[in-house]
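Asker: Input model-v9.pdb, format and content: PDB, C-alpha atoms.
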ATOM      1  CA  MET M   1      19.041  48.427 210.498  1.00  0.00           C
ATOM      2  CA  GLY M   2      16.832  49.799 207.787  1.00  0.00           C
ATOM      3  CA  CYS M   3      14.783  48.967 204.822  1.00  0.00           C
ATOM      4  CA  THR M   4      16.667  47.942 201.739  1.00  0.00           C
ATOM      5  CA  GLY M   5      15.592  49.126 198.311  1.00  0.00           C
ATOM      6  CA  SER M   6      16.806  50.833 195.211  1.00  0.00           C
ATOM      7  CA  LYS M   7      17.662  54.426 195.698  1.00  0.00           C
ATOM      8  CA  GLY M   8      16.162  56.990 193.306  1.00  0.00           C
ATOM      9  CA  LYS M   9      14.276  54.372 191.358  1.00  0.00           C
ATOM     10  CA  SER M  10      10.529  54.001 191.165  1.00  0.00           C
ATOM     11  CA  ASN M  11       8.997  50.619 191.435  1.00  0.00           C
ATOM     12  CA  ALA M  12       5.741  51.722 189.745  1.00  0.00           C
ATOM     13  CA  VAL M  13       3.664  48.889 188.365  1.00  0.00           C
ATOM     14  CA  THR M  14       1.968  49.359 185.043  1.00  0.00           C
ATOM     15  CA  ALA M  15      -1.216  47.488 184.345  1.00  0.00           C
ATOM     16  CA  PRO M  16      -1.258  45.355 181.242  1.00  0.00           C
ATOM     17  CA  GLY M  17      -2.438  47.219 178.182  1.00  0.00           C
ATOM     18  CA  HIS M  18      -2.099  50.629 179.834  1.00  0.00           C
ATOM     19  CA  ASP M  19       1.560  51.374 179.320  1.00  0.00           C
ATOM     20  CA  GLY M  20       2.482  54.752 177.884  1.00  0.00           C
ATOM     21  CA  ASN M  21       3.438  53.339 174.487  1.00  0.00           C
ATOM     22  CA  SER M  22       0.163  51.530 173.880  1.00  0.00           C
ATOM     23  CA  LYS M  23      -2.532  53.179 171.747  1.00  0.00           C
ATOM     24  CA  ASN M  24      -6.201  53.136 172.402  1.00  0.00           C
ATOM     25  CA  SER M  25      -7.812  51.399 169.441  1.00  0.00           C
ATOM     26  CA  ASN M  26     -11.121  53.183 170.164  1.00  0.00           C
ATOM     27  CA  ASN M  27      -9.594  56.494 169.083  1.00  0.00           C
ATOM     28  CA  HIS M  28      -9.206  55.192 165.495  1.00  0.00           C
ATOM     29  CA  ARG M  29     -12.395  53.262 165.188  1.00  0.00           C
ATOM     30  CA  ILE M  30     -15.034  54.826 162.831  1.00  0.00           C
ATOM     31  CA  LEU M  31     -18.439  54.408 164.338  1.00  0.00           C
ATOM     32  CA  PRO M  32     -21.482  53.703 162.114  1.00  0.00           C
ATOM     33  CA  GLN M  33     -23.088  57.042 162.982  1.00  0.00           C
ATOM     34  CA  ASP M  34     -19.946  58.855 161.849  1.00  0.00           C
ATOM     35  CA  GLN M  35     -20.039  57.092 158.496  1.00  0.00           C
ATOM     36  CA  HIS M  36     -23.676  58.087 157.970  1.00  0.00           C
ATOM     37  CA  GLY M  37     -22.902  61.687 158.872  1.00  0.00           C
ATOM     38  CA  ARG M  38     -20.075  61.826 156.360  1.00  0.00           C
ATOM     39  CA  GLN M  39     -22.296  60.375 153.640  1.00  0.00           C
ATOM     40  CA  VAL M  40     -24.918  63.046 154.303  1.00  0.00           C
ATOM     41  CA  GLU M  41     -22.279  65.757 154.166  1.00  0.00           C
ATOM     42  CA  ASN M  42     -20.950  64.423 150.877  1.00  0.00           C
ATOM     43  CA  LYS M  43     -24.433  64.388 149.347  1.00  0.00           C
ATOM     44  CA  ILE M  44     -25.043  67.962 150.493  1.00  0.00           C
ATOM     45  CA  ASP M  45     -21.709  69.079 149.039  1.00  0.00           C
ATOM     46  CA  GLN M  46     -22.488  67.406 145.734  1.00  0.00           C
ATOM     47  CA  GLU M  47     -25.924  69.037 145.543  1.00  0.00           C
ATOM     48  CA  VAL M  48     -24.444  72.446 146.337  1.00  0.00           C
ATOM     49  CA  ARG M  49     -21.823  72.012 143.603  1.00  0.00           C
ATOM     50  CA  ARG M  50     -24.467  70.956 141.067  1.00  0.00           C
ATOM     51  CA  ARG M  51     -26.592  73.945 141.975  1.00  0.00           C
ATOM     52  CA  ASP M  52     -23.635  76.282 141.659  1.00  0.00           C
ATOM     53  CA  ASP M  53     -22.821  74.787 138.263  1.00  0.00           C
ATOM     54  CA  ARG M  54     -26.400  75.347 137.049  1.00  0.00           C
ATOM     55  CA  ILE M  55     -26.396  78.956 138.244  1.00  0.00           C
ATOM     56  CA  THR M  56     -23.037  79.571 136.601  1.00  0.00           C
ATOM     57  CA  ALA M  57     -24.287  78.066 133.337  1.00  0.00           C
ATOM     58  CA  LEU M  58     -27.420  80.259 133.410  1.00  0.00           C
ATOM     59  CA  GLN M  59     -25.382  83.371 134.099  1.00  0.00           C
ATOM     60  CA  GLU M  60     -23.063  82.530 131.239  1.00  0.00           C
ATOM     61  CA  GLU M  61     -26.009  82.014 128.880  1.00  0.00           C
ATOM     62  CA  ASP M  62     -27.532  85.345 129.936  1.00  0.00           C
ATOM     63  CA  ARG M  63     -24.188  87.042 129.334  1.00  0.00           C
ATOM     64  CA  ARG M  64     -23.953  85.591 125.824  1.00  0.00           C
ATOM     65  CA  GLN M  65     -27.497  86.661 124.997  1.00  0.00           C
ATOM     66  CA  ASN M  66     -26.909  90.190 126.289  1.00  0.00           C
ATOM     67  CA  GLU M  67     -23.780  90.482 124.170  1.00  0.00           C
ATOM     68  CA  GLN M  68     -25.862  89.705 121.071  1.00  0.00           C
ATOM     69  CA  LYS M  69     -28.468  92.403 121.815  1.00  0.00           C
ATOM     70  CA  VAL M  70     -28.281  95.773 120.092  1.00  0.00           C
ATOM     71  CA  LYS M  71     -29.373  98.569 122.412  1.00  0.00           C
ATOM     72  CA  LEU M  72     -30.664 101.883 121.077  1.00  0.00           C
ATOM     73  CA  LEU M  73     -31.355 105.116 122.924  1.00  0.00           C
ATOM     74  CA  LEU M  74     -34.051 107.208 121.231  1.00  0.00           C
ATOM     75  CA  LEU M  75     -33.895 110.901 122.071  1.00  0.00           C
ATOM     76  CA  GLY M  76     -36.347 113.593 121.054  1.00  0.00           C
ATOM     77  CA  THR M  77     -38.935 116.063 122.223  1.00  0.00           C
ATOM     78  CA  GLY M  78     -42.500 115.134 123.025  1.00  0.00           C
ATOM     79  CA  GLU M  79     -44.630 113.898 120.113  1.00  0.00           C
ATOM     80  CA  SER M  80     -41.520 113.578 117.924  1.00  0.00           C
ATOM     81  CA  GLY M  81     -42.170 109.919 117.090  1.00  0.00           C
ATOM     82  CA  LYS M  82     -39.991 108.004 119.553  1.00  0.00           C
ATOM     83  CA  SER M  83     -42.741 105.573 120.500  1.00  0.00           C
ATOM     84  CA  THR M  84     -43.734 105.133 116.871  1.00  0.00           C
ATOM     85  CA  ILE M  85     -40.204 104.146 115.871  1.00  0.00           C
ATOM     86  CA  PHE M  86     -39.990 101.727 118.790  1.00  0.00           C
ATOM     87  CA  LYS M  87     -43.292 100.094 117.862  1.00  0.00           C
ATOM     88  CA  GLN M  88     -42.272  99.786 114.227  1.00  0.00           C
ATOM     89  CA  MET M  89     -38.964  98.183 115.211  1.00  0.00           C
ATOM     90  CA  ARG M  90     -40.815  95.715 117.401  1.00  0.00           C
ATOM     91  CA  ILE M  91     -43.243  94.839 114.614  1.00  0.00           C
ATOM     92  CA  LEU M  92     -40.427  94.313 112.089  1.00  0.00           C
ATOM     93  CA  TYR M  93     -37.791  92.627 114.236  1.00  0.00           C
ATOM     94  CA  GLY M  94     -39.334  91.798 117.614  1.00  0.00           C
ATOM     95  CA  SER M  95     -41.295  88.858 118.894  1.00  0.00           C
ATOM     96  CA  PRO M  96     -44.836  88.373 117.495  1.00  0.00           C
ATOM     97  CA  LEU M  97     -47.625  90.203 119.290  1.00  0.00           C
ATOM     98  CA  THR M  98     -49.732  88.109 121.621  1.00  0.00           C
ATOM     99  CA  ASP M  99     -53.515  88.295 121.940  1.00  0.00           C
ATOM    100  CA  ASP M 100     -53.028  90.262 125.148  1.00  0.00           C
ATOM    101  CA  ASP M 101     -50.844  92.773 123.293  1.00  0.00           C
ATOM    102  CA  LEU M 102     -53.473  93.179 120.575  1.00  0.00           C
ATOM    103  CA  ARG M 103     -56.226  93.760 123.131  1.00  0.00           C
ATOM    104  CA  MET M 104     -54.120  96.382 124.885  1.00  0.00           C
ATOM    105  CA  TYR M 105     -53.420  98.220 121.621  1.00  0.00           C
ATOM    106  CA  GLY M 106     -57.094  97.990 120.662  1.00  0.00           C
ATOM    107  CA  VAL M 107     -58.130  99.618 123.931  1.00  0.00           C
ATOM    108  CA  ILE M 108     -55.490 102.331 123.531  1.00  0.00           C
ATOM    109  CA  VAL M 109     -56.576 103.109 119.947  1.00  0.00           C
ATOM    110  CA  ARG M 110     -60.200 103.468 121.018  1.00  0.00           C
ATOM    111  CA  SER M 111     -59.164 105.650 123.936  1.00  0.00           C
ATOM    112  CA  ASN M 112     -57.120 107.866 121.617  1.00  0.00           C
ATOM    113  CA  ILE M 113     -60.114 108.289 119.288  1.00  0.00           C
ATOM    114  CA  VAL M 114     -62.322 109.379 122.187  1.00  0.00           C
ATOM    115  CA  THR M 115     -59.632 111.824 123.349  1.00  0.00           C
ATOM    116  CA  ALA M 116     -59.302 113.246 119.842  1.00  0.00           C
ATOM    117  CA  ILE M 117     -63.060 113.700 119.342  1.00  0.00           C
ATOM    118  CA  ARG M 118     -63.287 115.500 122.688  1.00  0.00           C
ATOM    119  CA  LYS M 119     -60.584 117.946 121.599  1.00  0.00           C
ATOM    120  CA  LEU M 120     -62.253 118.469 118.220  1.00  0.00           C
ATOM    121  CA  CYS M 121     -65.579 119.275 119.859  1.00  0.00           C
ATOM    122  CA  LEU M 122     -63.944 121.740 122.260  1.00  0.00           C
ATOM    123  CA  LEU M 123     -62.101 123.396 119.386  1.00  0.00           C
ATOM    124  CA  ALA M 124     -65.265 123.573 117.261  1.00  0.00           C
ATOM    125  CA  ARG M 125     -67.037 125.329 120.137  1.00  0.00           C
ATOM    126  CA  GLN M 126     -64.186 127.804 120.601  1.00  0.00           C
ATOM    127  CA  LEU M 127     -64.144 128.599 116.867  1.00  0.00           C
ATOM    128  CA  GLY M 128     -67.910 129.027 116.733  1.00  0.00           C
ATOM    129  CA  TYR M 129     -68.373 126.144 114.291  1.00  0.00           C
ATOM    130  CA  GLU M 130     -71.589 124.976 115.915  1.00  0.00           C
ATOM    131  CA  ARG M 131     -73.488 127.190 113.513  1.00  0.00           C
ATOM    132  CA  ARG M 132     -71.759 125.488 110.594  1.00  0.00           C
ATOM    133  CA  LEU M 133     -72.813 122.116 111.963  1.00  0.00           C
ATOM    134  CA  ASP M 134     -76.418 123.379 111.985  1.00  0.00           C
ATOM    135  CA  GLU M 135     -76.124 124.503 108.363  1.00  0.00           C
ATOM    136  CA  GLU M 136     -74.529 121.245 107.267  1.00  0.00           C
ATOM    137  CA  SER M 137     -77.206 119.217 109.025  1.00  0.00           C
ATOM    138  CA  ALA M 138     -80.019 121.298 107.493  1.00  0.00           C
ATOM    139  CA  ALA M 139     -78.542 120.936 104.008  1.00  0.00           C
ATOM    140  CA  ALA M 140     -78.176 117.165 104.394  1.00  0.00           C
ATOM    141  CA  THR M 141     -81.753 116.839 105.597  1.00  0.00           C
ATOM    142  CA  ALA M 142     -83.104 118.977 102.751  1.00  0.00           C
ATOM    143  CA  ALA M 143     -81.214 116.933 100.182  1.00  0.00           C
ATOM    144  CA  ASP M 144     -82.310 113.689 101.802  1.00  0.00           C
ATOM    145  CA  LEU M 145     -78.683 112.784 102.442  1.00  0.00           C
ATOM    146  CA  SER M 146     -79.093 111.732 106.034  1.00  0.00           C
ATOM    147  CA  ASP M 147     -76.647 109.213 107.409  1.00  0.00           C
ATOM    148  CA  VAL M 148     -77.666 105.572 107.563  1.00  0.00           C
ATOM    149  CA  SER M 149     -77.794 105.928 111.333  1.00  0.00           C
ATOM    150  CA  GLY M 150     -80.426 108.645 110.948  1.00  0.00           C
ATOM    151  CA  MET M 151     -78.185 111.056 112.874  1.00  0.00           C
ATOM    152  CA  THR M 152     -77.181 114.500 111.636  1.00  0.00           C
ATOM    153  CA  PRO M 153     -73.741 115.993 112.341  1.00  0.00           C
ATOM    154  CA  ARG M 154     -75.292 118.423 114.846  1.00  0.00           C
ATOM    155  CA  GLU M 155     -77.072 115.599 116.659  1.00  0.00           C
ATOM    156  CA  ALA M 156     -73.838 113.632 116.792  1.00  0.00           C
ATOM    157  CA  TYR M 157     -72.034 116.701 118.124  1.00  0.00           C
ATOM    158  CA  ASP M 158     -74.642 117.288 120.819  1.00  0.00           C
ATOM    159  CA  GLN M 159     -74.483 113.656 121.925  1.00  0.00           C
ATOM    160  CA  ILE M 160     -70.704 113.657 122.227  1.00  0.00           C
ATOM    161  CA  VAL M 161     -70.605 117.002 124.037  1.00  0.00           C
ATOM    162  CA  THR M 162     -73.310 115.919 126.467  1.00  0.00           C
ATOM    163  CA  TYR M 163     -71.804 112.548 127.388  1.00  0.00           C
ATOM    164  CA  LEU M 164     -68.092 112.839 126.668  1.00  0.00           C
ATOM    165  CA  VAL M 165     -67.151 116.516 127.006  1.00  0.00           C
ATOM    166  CA  ASP M 166     -69.409 118.348 129.450  1.00  0.00           C
ATOM    167  CA  ASN M 167     -70.817 115.225 131.127  1.00  0.00           C
ATOM    168  CA  VAL M 168     -74.158 116.937 131.791  1.00  0.00           C
ATOM    169  CA  ALA M 169     -76.461 114.087 130.726  1.00  0.00           C
ATOM    170  CA  THR M 170     -79.413 113.624 133.041  1.00  0.00           C
ATOM    171  CA  GLU M 171     -79.838 109.978 132.079  1.00  0.00           C
ATOM    172  CA  PRO M 172     -77.189 107.323 131.441  1.00  0.00           C
ATOM    173  CA  PHE M 173     -76.544 106.346 127.860  1.00  0.00           C
ATOM    174  CA  PRO M 174     -77.929 102.916 126.905  1.00  0.00           C
ATOM    175  CA  GLU M 175     -75.535 100.057 127.496  1.00  0.00           C
ATOM    176  CA  ILE M 176     -73.914  98.180 124.635  1.00  0.00           C
ATOM    177  CA  PRO M 177     -76.163  95.335 123.406  1.00  0.00           C
ATOM    178  CA  ALA M 178     -75.046  91.951 124.716  1.00  0.00           C
ATOM    179  CA  GLU M 179     -74.748  90.551 121.193  1.00  0.00           C
ATOM    180  CA  GLN M 180     -72.441  93.390 120.167  1.00  0.00           C
ATOM    181  CA  ALA M 181     -70.362  93.019 123.328  1.00  0.00           C
ATOM    182  CA  GLU M 182     -69.874  89.295 122.700  1.00  0.00           C
ATOM    183  CA  LYS M 183     -68.573  89.939 119.189  1.00  0.00           C
ATOM    184  CA  ASP M 184     -66.110  92.560 120.371  1.00  0.00           C
ATOM    185  CA  TRP M 185     -62.635  90.938 120.301  1.00  0.00           C
ATOM    186  CA  VAL M 186     -60.929  93.807 122.109  1.00  0.00           C
ATOM    187  CA  GLY M 187     -62.889  93.916 125.336  1.00  0.00           C
ATOM    188  CA  LYS M 188     -60.782  95.207 128.224  1.00  0.00           C
ATOM    189  CA  SER M 189     -57.090  95.176 129.018  1.00  0.00           C
ATOM    190  CA  THR M 190     -55.676  95.624 132.500  1.00  0.00           C
ATOM    191  CA  ARG M 191     -52.375  96.697 130.948  1.00  0.00           C
ATOM    192  CA  ALA M 192     -53.986  99.717 129.260  1.00  0.00           C
ATOM    193  CA  GLY M 193     -55.093 101.358 132.501  1.00  0.00           C
ATOM    194  CA  ILE M 194     -58.419 102.316 134.058  1.00  0.00           C
ATOM    195  CA  GLN M 195     -58.997 105.534 132.089  1.00  0.00           C
ATOM    196  CA  ALA M 196     -58.183 103.936 128.746  1.00  0.00           C
ATOM    197  CA  ASN M 197     -60.624 101.095 129.416  1.00  0.00           C
ATOM    198  CA  ARG M 198     -63.304 103.584 130.395  1.00  0.00           C
ATOM    199  CA  ASP M 199     -62.744 105.555 127.193  1.00  0.00           C
ATOM    200  CA  ALA M 200     -62.818 102.346 125.138  1.00  0.00           C
ATOM    201  CA  GLN M 201     -66.181 101.471 126.681  1.00  0.00           C
ATOM    202  CA  GLN M 202     -67.528 104.922 125.827  1.00  0.00           C
ATOM    203  CA  PHE M 203     -66.204 104.536 122.294  1.00  0.00           C
ATOM    204  CA  LEU M 204     -68.430 101.509 121.768  1.00  0.00           C
ATOM    205  CA  GLN M 205     -71.425 103.324 123.216  1.00  0.00           C
ATOM    206  CA  HIS M 206     -71.014 106.408 121.017  1.00  0.00           C
ATOM    207  CA  VAL M 207     -69.310 104.874 117.997  1.00  0.00           C
ATOM    208  CA  GLU M 208     -72.061 105.962 115.584  1.00  0.00           C
ATOM    209  CA  ALA M 209     -72.004 109.557 116.779  1.00  0.00           C
ATOM    210  CA  ILE M 210     -68.203 109.580 116.576  1.00  0.00           C
ATOM    211  CA  ARG M 211     -68.305 108.226 113.019  1.00  0.00           C
ATOM    212  CA  VAL M 212     -70.924 110.709 111.825  1.00  0.00           C
ATOM    213  CA  LEU M 213     -69.141 113.690 113.359  1.00  0.00           C
ATOM    214  CA  TRP M 214     -65.716 112.528 112.173  1.00  0.00           C
ATOM    215  CA  GLN M 215     -66.976 112.377 108.566  1.00  0.00           C
ATOM    216  CA  SER M 216     -68.741 115.709 108.607  1.00  0.00           C
ATOM    217  CA  ALA M 217     -67.361 118.472 106.397  1.00  0.00           C
ATOM    218  CA  THR M 218     -67.378 120.960 109.276  1.00  0.00           C
ATOM    219  CA  MET M 219     -65.158 118.794 111.502  1.00  0.00           C
ATOM    220  CA  GLN M 220     -62.833 118.195 108.570  1.00  0.00           C
ATOM    221  CA  GLU M 221     -62.173 121.951 108.557  1.00  0.00           C
ATOM    222  CA  VAL M 222     -61.491 121.938 112.283  1.00  0.00           C
TER     223      VAL M 222
END
Write out the structure in this file as structure tokens.

Answerer:
Amino acid sequence: MGCTGSKGKSNAVTAPGHDGNSKNSNNHRILPQDQHGRQVENKIDQEVRRRDDRITALQEEDRRQNEQKVKLLLLGTGESGKSTIFKQMRILYGSPLTDDDLRMYGVIVRSNIVTAIRKLCLLARQLGYERRLDEESAAATAADLSDVSGMTPREAYDQIVTYLVDNVATEPFPEIPAEQAEKDWVGKSTRAGIQANRDAQQFLQHVEAIRVLWQSATMQEV
């Protein structure tokens, strides 16, 4: 007596729809949130490609412009004229000067004049030309050839030495009249530097003394 049944065979029961050959349709279904995510990714990729294309185009344009530029290396000792050549090349072939450029150059020119008149006064003192300034001033006064400013070369020299060379003035020099300051197109330039702007301001304050001394026969000899 015993239980009858198939030997070595399994009588496993498979539930409908869960057999090994069936596929789960949920694995291939694209959910709405997945579609939105892919759309966002595509937009980001497109924007990145457009940005890369713009950068590449700009780099290519810069490369073409650089290839068209002629580069020069100016060599020479100090005060040999390198800056002068560069400025002349810019004036002839460069972009037009802006108002800011003109103001900067105006400040620098005035500063250079003040620097030059300081050196001339120091050199005149070292050479003992102060006596000649006295003689020239006396001769001009005797001949009634005083300058329109009423200032003699010696007076102009003393003013410049006191305020610009030795800086021993006990009282500040009068400020520039407001009307004159308003008409001055140069003014100040941050690009020129602090010292240059200070010299340019002093140039306006002592411009008459600088003019008188610059035109004097004694300083012409210096």

Asker: Please compute the atom CA of M:Ile176-atom CA of M:Gly193 distance, one decimal, in Å.

Answerer: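 Answer for the atom CA of M:Ile176 to atom CA of M:Gly193 separation: 20.6 Å.
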
Asker: Measuring atom to atom with all atoms listed in the file, identify which of M:Ala124, M:Ile91, M:Leu75, M:Leu97 is nearest to M:Glu221.

Answerer: M:Ala124

Asker: Any idea what the distance is between atom CA of M:Trp214 and atom CA of M:Pro153?

Answerer: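 Atom CA of M:Pro153 lies at a distance of 8.7 Å from atom CA of M:Trp214.
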
Asker: In Å, rounded to a single decimal, give me how far atom CA of M:Phe203 is from atom CA of M:Tyr163.

Answerer: 11.0 Å

Asker: Write out as an mmCIF file with C-alpha atoms, in the coordinates of the input the residues lying within 12 Å of M:Gln220, counting only C-alpha atoms and excluding same-chain residues fewer than 6 positions away.

Answerer:
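Result went into around_3.cif, see below:
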data_model
loop_
_atom_site.group_PDB
_atom_site.id
_atom_site.type_symbol
_atom_site.label_atom_id
_atom_site.label_comp_id
_atom_site.auth_asym_id
_atom_site.auth_seq_id
_atom_site.Cartn_x
_atom_site.Cartn_y
_atom_site.Cartn_z
ATOM 1 C CA ILE M 117 -63.060 113.700 119.342
ATOM 2 C CA LEU M 120 -62.253 118.469 118.220
ATOM 3 C CA CYS M 121 -65.579 119.275 119.859
ATOM 4 C CA ALA M 124 -65.265 123.573 117.261
ATOM 5 C CA TYR M 129 -68.373 126.144 114.291
ATOM 6 C CA ARG M 132 -71.759 125.488 110.594
ATOM 7 C CA LEU M 133 -72.813 122.116 111.963
ATOM 8 C CA PRO M 153 -73.741 115.993 112.341
ATOM 9 C CA VAL M 212 -70.924 110.709 111.825
ATOM 10 C CA LEU M 213 -69.141 113.690 113.359
ATOM 11 C CA TRP M 214 -65.716 112.528 112.173
#

Asker: Could you pull the residues within 12 Å of stretch 137-146 of chain M, counting only C-alpha atoms, minus those fewer than 3 positions along the same chain, as a ChimeraX atom specification?

Answerer: /M:130-134,149-157,212-213,216-218

Asker: Can you sort out the box for stretch 36-47 of chain M, edges along x, y and z, all listed atoms in, 8 Å on every side, with centre and edge lengths in Å to one decimal, as AutoDock Vina command-line options?

Answerer:
--center_x -23.0 --center_y 63.6 --center_z 152.2 --size_x 21.8 --size_y 27.0 --size_z 29.3

Asker: Between M:Trp185, M:Val207, M:Asn197, M:Thr170, which residue has the minimum interatomic distance to M:Leu102, considering all atoms listed in the file?

Answerer: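 Closest to M:Leu102, using all atoms listed in the file: M:Trp185.
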
Asker: The PyMOL selection byres ((chain M and resi 118) around 12) - which residues does that actually catch in the file I just gave you? List them as a PyMOL selection string.

Answerer: chain M and resi 111-117+119-125+157-167+199+202-203+210+213-214+219

Asker: Contacts of M:Asp184 at 12 Å or less, counting all atoms listed in the file, minus same-chain residues fewer than 2 places along, as a ChimeraX atom specification?

Answerer: /M:103,106-107,176-182,186-188,200-201,204

Asker: Could you tell me which of M:Arg110, M:His36, M:Arg54, M:Arg64 comes closest to M:Gln205 if we count all atoms listed in the file?

Answerer: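 Using all atoms listed in the file, the shortest distance to M:Gln205 belongs to M:Arg110.
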
Asker: Would you write out, as an MDAnalysis selection string, every residue that the PyMOL selection byres ((chain M and resi 73) around 12) captures in this file?

Answerer: chainID M and resid 70:72 74:76 82:83 85:86

Asker: Export, as a short mmCIF file (atom, residue, chain, number, x, y, z; two decimals), in the frame of the given file, the selected residues with C-alpha atoms.

Answerer:
data_model
loop_
_atom_site.label_atom_id
_atom_site.label_comp_id
_atom_site.auth_asym_id
_atom_site.auth_seq_id
_atom_site.Cartn_x
_atom_site.Cartn_y
_atom_site.Cartn_z
CA VAL M 70 -28.28 95.77 120.09
CA LYS M 71 -29.37 98.57 122.41
CA LEU M 72 -30.66 101.88 121.08
CA LEU M 74 -34.05 107.21 121.23
CA LEU M 75 -33.90 110.90 122.07
CA GLY M 76 -36.35 113.59 121.05
CA LYS M 82 -39.99 108.00 119.55
CA SER M 83 -42.74 105.57 120.50
CA ILE M 85 -40.20 104.15 115.87
CA PHE M 86 -39.99 101.73 118.79
#
